[in-house]
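Novice: Just so it is clear, I am handing over query31.cif, which has mmCIF, C-alpha atoms.
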data_start
loop_
_atom_site.label_atom_id
_atom_site.label_comp_id
_atom_site.auth_asym_id
_atom_site.auth_seq_id
_atom_site.Cartn_x
_atom_site.Cartn_y
_atom_site.Cartn_z
CA MET A 626 76.83 3.33 -98.00
CA THR A 627 73.58 1.37 -97.58
CA THR A 628 73.74 -2.15 -98.99
CA VAL A 629 70.77 -3.00 -101.21
CA ASP A 630 69.43 -6.54 -100.91
CA ILE A 631 68.55 -7.38 -104.51
CA SER A 632 67.10 -10.76 -103.53
CA GLU A 633 64.58 -9.02 -101.25
CA LEU A 634 63.56 -6.63 -104.01
CA VAL A 635 63.08 -9.55 -106.38
CA ARG A 636 61.06 -11.42 -103.75
CA LEU A 637 58.71 -8.46 -103.31
CA ARG A 638 58.37 -7.97 -107.06
CA THR A 639 57.66 -11.67 -107.54
CA GLN A 640 55.31 -12.37 -104.64
CA HIS A 641 53.84 -8.94 -103.86
CA PRO A 642 53.89 -6.69 -106.95
CA GLU A 643 51.12 -4.66 -105.34
CA ALA A 644 53.66 -3.56 -102.71
CA ILE A 645 54.89 -0.85 -105.08
CA ALA A 646 51.49 0.85 -105.33
CA GLU A 647 50.98 0.43 -101.59
CA ALA A 648 54.33 2.07 -100.84
CA ALA A 649 53.45 4.95 -103.19
CA ALA A 650 50.06 5.43 -101.51
CA ARG A 651 51.45 5.67 -97.99
CA ARG A 652 54.56 7.70 -98.88
CA PRO A 653 54.73 10.94 -96.88
CA ARG A 654 54.81 13.87 -99.31
CA ARG A 655 56.17 17.40 -99.12
CA PRO A 656 55.85 20.62 -101.11
CA LEU A 657 57.92 20.90 -104.27
CA LEU A 658 59.89 23.79 -102.77
CA GLY A 659 60.89 23.80 -99.13
CA ASP A 660 61.54 26.81 -96.92
CA SER A 661 64.68 27.69 -98.85
CA GLY A 662 62.78 28.18 -102.10
CA ARG A 663 65.49 26.11 -103.78
CA LEU A 664 65.43 22.62 -105.29
CA MET A 665 68.16 19.97 -105.29
CA ILE A 666 67.24 16.88 -107.30
CA VAL A 667 69.40 13.86 -108.06
CA ALA A 668 68.78 12.46 -111.57
CA ALA A 669 68.94 8.79 -112.55
CA ASP A 670 66.79 8.52 -115.66
CA HIS A 671 69.72 7.77 -117.98
CA PRO A 672 69.67 3.93 -118.15
CA ALA A 673 66.26 3.69 -119.84
CA ARG A 674 67.70 5.59 -122.80
CA GLY A 675 70.58 3.14 -123.01
CA ALA A 676 72.90 5.88 -121.70
CA LEU A 677 74.86 3.85 -119.15
CA GLY A 678 78.29 5.44 -119.49
CA VAL A 679 80.15 7.67 -117.07
CA GLY A 680 83.54 8.95 -118.17
CA GLY A 681 85.48 6.07 -119.71
CA ASP A 682 83.24 3.36 -118.26
CA ARG A 683 80.54 2.64 -120.83
CA LEU A 684 78.48 0.49 -118.44
CA ALA A 685 78.97 2.36 -115.17
CA MET A 686 75.25 2.69 -114.47
CA ALA A 687 74.40 -0.88 -115.50
CA ASN A 688 74.83 -2.37 -112.02
CA ARG A 689 71.41 -1.74 -110.47
CA ALA A 690 72.41 -2.54 -106.89
CA GLY A 691 75.32 -0.11 -107.14
CA LEU A 692 73.12 2.61 -108.63
CA LEU A 693 70.46 2.16 -105.94
CA GLU A 694 73.06 2.30 -103.18
CA ARG A 695 74.44 5.54 -104.59
CA LEU A 696 70.94 6.98 -104.87
CA CYS A 697 70.02 6.02 -101.31
CA LEU A 698 73.21 7.67 -100.06
CA ALA A 699 72.56 10.84 -102.08
CA LEU A 700 68.94 11.03 -100.90
CA SER A 701 70.07 10.71 -97.28
CA ARG A 702 72.29 13.78 -97.44
CA PRO A 703 71.02 17.05 -95.91
CA GLY A 704 69.58 19.46 -98.45
CA VAL A 705 68.76 16.87 -101.13
CA ASP A 706 65.09 17.36 -101.99
CA GLY A 707 64.39 14.39 -104.21
CA VAL A 708 65.03 12.28 -107.27
CA LEU A 709 64.24 12.12 -110.98
CA ALA A 710 64.05 8.65 -112.51
CA THR A 711 62.10 6.16 -114.61
CA ALA A 712 59.48 3.79 -113.24
CA ASP A 713 61.78 0.81 -112.65
CA ILE A 714 64.18 2.82 -110.49
CA LEU A 715 61.46 4.70 -108.63
CA ASP A 716 59.67 1.41 -107.93
CA ASP A 717 62.86 0.03 -106.38
CA LEU A 718 63.31 3.17 -104.29
CA LEU A 719 59.68 2.97 -103.13
CA LEU A 720 60.23 -0.60 -101.96
CA LEU A 721 63.39 0.53 -100.16
CA GLY A 722 61.51 3.34 -98.39
CA ALA A 723 63.99 5.88 -99.77
CA LEU A 724 61.36 8.27 -101.16
CA ASP A 725 59.53 9.16 -97.95
CA GLY A 726 59.29 12.93 -97.61
CA LYS A 727 61.15 13.46 -100.90
CA VAL A 728 60.19 15.17 -104.15
CA VAL A 729 59.63 12.42 -106.74
CA MET A 730 59.83 13.28 -110.44
CA GLY A 731 58.87 10.75 -113.11
CA SER A 732 60.57 10.73 -116.50
CA LEU A 733 58.09 10.82 -119.41
CA ASN A 734 59.98 10.27 -122.66
CA ARG A 735 62.76 7.72 -123.03
CA GLY A 736 62.08 6.55 -126.59
CA GLY A 737 64.96 8.42 -128.22
CA LEU A 738 67.56 5.80 -127.48
CA GLN A 739 71.15 7.02 -127.41
CA GLY A 740 72.87 6.34 -130.72
CA SER A 741 69.73 5.22 -132.58
CA VAL A 742 68.59 6.53 -135.96
CA PHE A 743 65.31 7.52 -134.26
CA GLU A 744 66.99 9.34 -131.36
CA LEU A 745 65.26 12.64 -132.11
CA ASP A 746 61.81 11.07 -132.61
CA ASP A 747 61.65 10.89 -128.85
CA ARG A 748 58.44 8.97 -128.14
CA PHE A 749 56.85 9.08 -124.70
CA THR A 750 57.61 5.62 -123.38
CA GLY A 751 57.99 6.40 -119.67
CA HIS A 752 55.59 7.76 -117.07
CA ARG A 753 52.29 9.14 -118.32
CA PRO A 754 50.71 12.11 -116.50
CA GLU A 755 48.05 9.75 -115.15
CA ASP A 756 50.78 7.51 -113.71
CA ILE A 757 52.41 10.42 -111.90
CA GLU A 758 49.02 11.40 -110.47
CA ARG A 759 48.09 7.80 -109.55
CA LEU A 760 51.36 7.17 -107.72
CA ASN A 761 51.20 10.46 -105.81
CA PHE A 762 54.43 11.64 -107.37
CA ASP A 763 55.20 15.33 -107.36
CA ALA A 764 56.31 16.30 -110.86
CA GLY A 765 57.35 15.05 -114.28
CA LYS A 766 60.24 15.69 -116.62
CA LEU A 767 60.71 15.41 -120.37
CA LEU A 768 63.47 16.02 -122.89
CA VAL A 769 62.82 17.87 -126.14
CA ARG A 770 65.72 17.98 -128.58
CA ILE A 771 65.11 20.05 -131.70
CA ASP A 772 67.08 19.37 -134.88
CA TYR A 773 65.99 21.61 -137.75
CA ASP A 774 67.13 18.90 -140.18
CA ASP A 775 65.30 15.98 -138.55
CA PRO A 776 61.52 15.52 -139.03
CA GLY A 777 61.42 13.42 -135.87
CA SER A 778 61.81 16.57 -133.81
CA LEU A 779 58.31 17.69 -134.81
CA THR A 780 56.80 14.53 -133.33
CA THR A 781 58.64 15.21 -130.09
CA LEU A 782 57.51 18.86 -130.04
CA GLU A 783 53.86 17.94 -130.56
CA SER A 784 53.98 15.19 -127.93
CA THR A 785 55.67 17.60 -125.53
CA ALA A 786 52.89 20.17 -125.95
CA ARG A 787 50.22 17.56 -125.17
CA ALA A 788 52.17 16.33 -122.13
CA ILE A 789 52.35 19.91 -120.84
CA ASP A 790 48.58 20.18 -121.25
CA ASP A 791 47.95 16.84 -119.50
CA MET A 792 50.20 17.69 -116.55
CA ALA A 793 48.72 21.19 -116.19
CA ALA A 794 45.20 19.72 -116.15
CA ARG A 795 46.31 17.76 -113.07
CA GLU A 796 48.07 20.82 -111.59
CA LEU A 797 51.36 18.92 -111.64
CA PRO A 798 54.69 20.64 -112.43
CA LEU A 799 56.50 19.49 -115.57
CA PHE A 800 60.20 20.13 -116.06
CA VAL A 801 60.97 20.61 -119.77
CA GLU A 802 64.58 20.13 -120.88
CA PRO A 803 65.06 21.71 -124.34
CA PHE A 804 68.07 21.64 -126.65
CA ILE A 805 68.88 22.71 -130.17
CA SER A 806 70.58 19.57 -131.46
CA ARG A 807 72.23 18.37 -134.64
CA ARG A 808 73.95 15.27 -135.94
CA THR A 809 77.66 15.13 -136.61
CA PRO A 810 78.85 13.66 -139.94
CA ASP A 811 79.11 10.24 -138.29
CA GLY A 812 75.48 10.44 -137.14
CA LYS A 813 76.00 11.19 -133.44
CA VAL A 814 73.54 13.64 -131.87
CA GLY A 815 75.13 16.64 -130.18
CA ASN A 816 73.58 19.57 -128.30
CA ASP A 817 74.46 23.16 -129.17
CA LEU A 818 75.27 25.03 -125.96
CA SER A 819 76.02 28.38 -127.58
CA ALA A 820 74.15 31.36 -126.15
CA GLU A 821 72.04 31.76 -129.30
CA ALA A 822 71.03 28.08 -129.39
CA VAL A 823 70.11 27.89 -125.70
CA THR A 824 68.15 31.14 -126.05
CA LYS A 825 66.17 29.69 -128.97
CA SER A 826 65.51 26.45 -127.11
CA ILE A 827 64.12 28.39 -124.12
CA ALA A 828 61.87 30.50 -126.34
CA ILE A 829 60.50 27.43 -128.15
CA ALA A 830 59.95 25.35 -125.01
CA SER A 831 58.29 28.19 -123.10
CA GLY A 832 55.57 28.51 -125.74
CA LEU A 833 54.55 24.85 -125.92
CA GLY A 834 51.11 23.75 -124.74
CA GLY A 835 47.92 25.58 -123.84
CA THR A 836 49.31 27.00 -120.60
CA SER A 837 52.73 27.53 -119.06
CA ALA A 838 51.36 27.74 -115.51
CA TYR A 839 52.93 24.44 -114.42
CA THR A 840 55.97 24.43 -116.73
CA TRP A 841 59.50 24.61 -115.39
CA LEU A 842 62.63 24.64 -117.53
CA LYS A 843 65.64 22.35 -117.03
CA LEU A 844 68.58 24.03 -118.71
CA PRO A 845 72.30 23.63 -119.32
CA VAL A 846 74.90 26.25 -118.55
CA THR A 847 76.07 27.74 -121.84
CA ASP A 848 79.54 27.12 -123.26
CA ASN A 849 80.48 30.57 -122.02
CA PRO A 850 78.96 30.89 -118.51
CA ASP A 851 79.14 34.68 -118.78
CA ASP A 852 76.32 34.48 -121.34
CA MET A 853 73.84 32.97 -118.89
CA ALA A 854 72.54 36.25 -117.48
CA GLU A 855 71.38 37.41 -120.90
CA VAL A 856 70.18 33.95 -121.98
CA MET A 857 67.98 33.58 -118.89
CA GLN A 858 66.17 36.81 -119.74
CA THR A 859 64.34 34.87 -122.48
CA SER A 860 61.58 33.57 -120.19
CA THR A 861 59.91 34.16 -116.83
CA LEU A 862 59.45 30.41 -116.27
CA PRO A 863 61.26 29.05 -113.22
CA ALA A 864 64.32 27.01 -114.15
CA VAL A 865 66.74 24.47 -112.72
CA LEU A 866 70.22 23.77 -114.03
CA LEU A 867 71.12 20.33 -115.34
CA GLY A 868 74.43 18.68 -114.62
CA GLY A 869 75.33 16.43 -117.54
CA GLU A 870 78.74 14.83 -117.76
CA VAL A 871 81.46 17.06 -116.37
CA GLY A 872 84.45 14.76 -116.77
CA GLU A 873 87.43 15.33 -114.51
CA ASP A 874 86.82 19.06 -114.01
CA GLN A 875 84.25 18.80 -111.22
CA ASP A 876 85.41 22.05 -109.64
CA GLY A 877 84.90 23.85 -112.95
CA ALA A 878 81.33 22.55 -113.11
CA TYR A 879 80.64 23.75 -109.59
CA GLU A 880 81.82 27.24 -110.50
CA LYS A 881 79.56 27.33 -113.57
CA TRP A 882 76.58 26.31 -111.47
CA ARG A 883 77.46 28.76 -108.71
CA GLY A 884 77.32 31.74 -111.03
CA ALA A 885 74.10 30.72 -112.81
CA LEU A 886 72.34 29.99 -109.50
CA GLN A 887 72.48 33.72 -108.70
CA LEU A 888 70.11 34.53 -111.59
CA PRO A 889 66.52 35.41 -110.63
CA THR A 890 64.74 32.63 -112.54
CA VAL A 891 67.11 29.83 -111.53
CA ARG A 892 65.69 27.91 -108.57
CA GLY A 893 67.96 24.90 -108.21
CA LEU A 894 69.91 21.96 -109.61
CA VAL A 895 69.02 18.61 -111.16
CA VAL A 896 72.26 16.64 -111.37
CA GLY A 897 72.89 12.95 -111.94
CA ARG A 898 76.02 11.16 -113.06
CA SER A 899 78.49 13.79 -111.91
CA LEU A 900 77.22 13.43 -108.32
CA LEU A 901 76.43 9.71 -108.30
CA TYR A 902 79.70 8.73 -110.01
CA PRO A 903 82.22 11.48 -109.15
CA ALA A 904 85.77 11.05 -110.35
CA ASP A 905 87.09 10.58 -106.80
CA GLY A 906 84.31 8.12 -105.87
CA ASP A 907 83.08 10.18 -102.90
CA VAL A 908 79.34 10.47 -103.53
CA ALA A 909 78.54 12.14 -100.21
CA ALA A 910 81.16 14.85 -100.69
CA ALA A 911 80.05 15.57 -104.25
CA VAL A 912 76.40 15.85 -103.18
CA ASP A 913 77.24 18.02 -100.18
CA THR A 914 79.27 20.38 -102.34
CA ALA A 915 76.40 20.75 -104.82
CA VAL A 916 73.94 21.39 -101.99
CA GLY A 917 76.30 24.05 -100.67
CA LEU A 918 76.01 25.97 -103.93
CA LEU A 919 72.32 26.54 -103.20
#
Let me see the structure of the file written as structure tokens.

Specialist:
Amino acid sequence: MTTVDISELVRLRTQHPEAIAEAAARRPRRPLLGDSGRLMIVAADHPARGALGVGGDRLAMANRAGLLERLCLALSRPGVDGVLATADILDDLLLLGALDGKVVMGSLNRGGLQGSVFELDDRFTGHRPEDIERLNFDAGKLLVRIDYDDPGSLTTLESTARAIDDMAARELPLFVEPFISRRTPDGKVGNDLSAEAVTKSIAIASGLGGTSAYTWLKLPVTDNPDDMAEVMQTSTLPAVLLGGEVGEDQDGAYEKWRGALQLPTVRGLVVGRSLLYPADGDVAAAVDTAVGLL
């Protein structure tokens, strides 16, 4: 695994902050979809939401050098198309030269901090569409969680619609990750992965904004994977599957993804913690297995 020199990154940030924009400007780009027509993206936008935990380790993603090393390894594996992350992580990866020839997706909304009372009023505190355009990135991603009992969800929905418009005006793809969510009695936000809830979330997300021409969906596999074929009939928008936390049953997650990847609108995977922090610690093997599913 590549060793990241944090002192060198800090030196560049301190003495040459313009190096980030320069690296973005000279970065070799590629089409969103390669010859395979499939997309394999590694996600690392969790820390900016305060979501640092993996399995039983609540601060697994807090060590930035460790996270960057895992990302560099994942990005070096054959078949990995790119990365989804927030500005701080993408800036580090630009300085490391790890994004050359890769698909780069910026994360737009990180305001709904995990565990906060305002979690579902998910303000857009990350990349703006103009940032993604300015940095020559390839796409954006946002999360829209809809709780029928929380007024904050309306703010998120409206902001999402305007972000879709702004990205489409720049002819930039935007990956929209919708959920029907609700709070448990102790106040924790949970996502409903029943077939009906995922179907509703797809229908709502597909209709946001003034055009859907540049909208992709980023979707979970339903609680019952056998429901996915019917659920995915809800929209003609291209979709990728999200990974989420899979716990110890990595093989079970692979099987869920394998089945859903056969559906006509599903074009790939966007997976983060389960590949970067697999239970057995073998990042390369986890990434290679996921690529093999495509």

Novice: Could you check which residues have any atom within 9 Å of (63.8, 18.7, -102.1), counting all atoms listed in the file with coordinates taken straight from the file, and then list them as a list in words?

Specialist: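 Residues found, by chain and rising number: Arg655, Pro656, Leu657, Leu658, Gly659, Arg663, Leu664, Met665, Ile666, Gly704, Val705, Asp706, Gly707, Val708, Gly726, Lys727, Val728 and Val729 of chain A.
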
Novice: For region 722-733 of chain A, I'd like the enclosing box, axis-aligned and padded by 4 Å on every side, reported as AutoDock Vina command-line options with centre and edge lengths in Å to one decimal.

Specialist:
--center_x 61.0 --center_y 9.3 --center_z -108.5 --size_x 13.9 --size_y 19.8 --size_z 29.8

Novice: Selection in question (the file shown): the PyMOL selection byres ((chain A and resi 814) around 10). Which residues does it include, as a ChimeraX atom specification?

Specialist: /A:739-742,744-745,770,772,806-813,815-817

Novice: Expressed in Å to a single decimal, how great is the separation between CA of Leu901 (chain A) and CA of Leu738 (chain A)?

Specialist: 21.5 Å

Novice: Starting from the PyMOL selection byres ((chain A and resi 645-649) around 7), expand the selection into actual residues of this file and give them as a PDB file with C-alpha atoms, in the coordinates of the input.

Specialist:
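Done, and the output landed in out.pdb:
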ATOM      1  CA  PRO A 642      53.890  -6.690-106.950  1.00  0.00           C
ATOM      2  CA  GLU A 643      51.120  -4.660-105.340  1.00  0.00           C
ATOM      3  CA  ALA A 644      53.660  -3.560-102.710  1.00  0.00           C
ATOM      4  CA  ALA A 650      50.060   5.430-101.510  1.00  0.00           C
ATOM      5  CA  ARG A 651      51.450   5.670 -97.990  1.00  0.00           C
ATOM      6  CA  ARG A 652      54.560   7.700 -98.880  1.00  0.00           C
ATOM      7  CA  ASP A 716      59.670   1.410-107.930  1.00  0.00           C
ATOM      8  CA  LEU A 719      59.680   2.970-103.130  1.00  0.00           C
ATOM      9  CA  LEU A 720      60.230  -0.600-101.960  1.00  0.00           C
ATOM     10  CA  LEU A 760      51.360   7.170-107.720  1.00  0.00           C
ATOM     11  CA  ASN A 761      51.200  10.460-105.810  1.00  0.00           C
TER      12      ASN A 761
END

Novice: Which residues would end up in the selection if the PyMOL selection byres ((chain A and resi 853-862) around 12) were applied here, given that I need the answer as a VMD selection string?

Specialist: chain A and resid 798 to 801 818 to 832 836 to 852 863 to 866 881 to 892

Novice: So that I can see what lies close to Glu694 (chain A), please list as a PyMOL selection string the residues with an atom at most 12 Å from it, counting all atoms listed in the file and leaving out residues fewer than 6 positions away in the same chain.

Specialist: chain A and resi 626-631+686+688+700-701+714+717-718+721+723+901-902+908-909

Novice: So, with all atoms listed in the file as the atoms that count, which of A:Met792, A:Met730, A:Arg748, A:Arg674 lies closest to Leu779 (chain A)?

Specialist: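 That would be A:Arg748, the residue with the smallest distance to Leu779 (chain A).
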
Novice: As an exercise, work out the distance from CA of Arg795 (chain A) to CA of Leu724 (chain A) in Å and give it to one decimal place.

Specialist: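 That distance, rounded to one decimal, is 21.4 Å.
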
Novice: Extract, using all atoms listed in the file, all DNA, RNA and protein residues at most 12 Å from Tyr879 (chain A), discarding same-chain residues fewer than 3 positions from it, and format them as an NGL selection string.

Specialist: :A and (846 or 850 or 866-868 or 871 or 873-876 or 882-886 or 894 or 896 or 899-900 or 911-919)

Novice: Tell me which of A:Ala685, A:Val635, A:Ala690, A:Gly835 sits closest to Ala794 (chain A), counting only C-alpha atoms.

Specialist: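 Looking at the shortest contact to Ala794 (chain A), the residue is A:Gly835.
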
Novice: Restricting the calculation to only C-alpha atoms: of A:Gly680, A:Gly765, A:Pro754, A:Gly893, which residue gets closest to Asp791 (chain A)?

Specialist: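 Looking at the shortest contact to Asp791 (chain A), the residue is A:Pro754.
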
Novice: Record the distance separating CA of Lys766 (chain A) and CA of Leu684 (chain A), expressed in Å with one decimal.

Specialist: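 Distance between the two atoms: 23.8 Å.
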
Novice: Could you check the closest approach to Gly731 (chain A) for each of A:Ala669, A:Gly675, A:Asp746, A:Arg702 and tell me which residue wins, using all atoms listed in the file?

Specialist: A:Ala669

Novice: For Ser784 (chain A), please output as a list in words all residues within 12 Å (counting all atoms listed in the file; exclusion window: fewer than 6 positions along the same chain).

Specialist: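 Counting all atoms listed in the file, the residues come to Leu733, Asn734, Gly736, Asp746, Asp747, Arg748, Phe749, Thr750, Arg753, Leu767, Leu768, Val769, Gly777, Ser778, Asp790, Asp791, Leu833 and Gly834 of chain A.
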
Novice: May I ask which of the residues A:Gly737, A:His752, A:Gly662, A:Glu796 is the closest one to Thr780 (chain A), counting all atoms listed in the file?

Specialist: A:Gly737

Novice: Would you mind telling me which residue in A:Asp660, A:Pro653, A:Val679, A:Ser632 lies nearest to Ala904 (chain A) when using all atoms listed in the file?

Specialist: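 The closest residue to Ala904 (chain A) is A:Val679.
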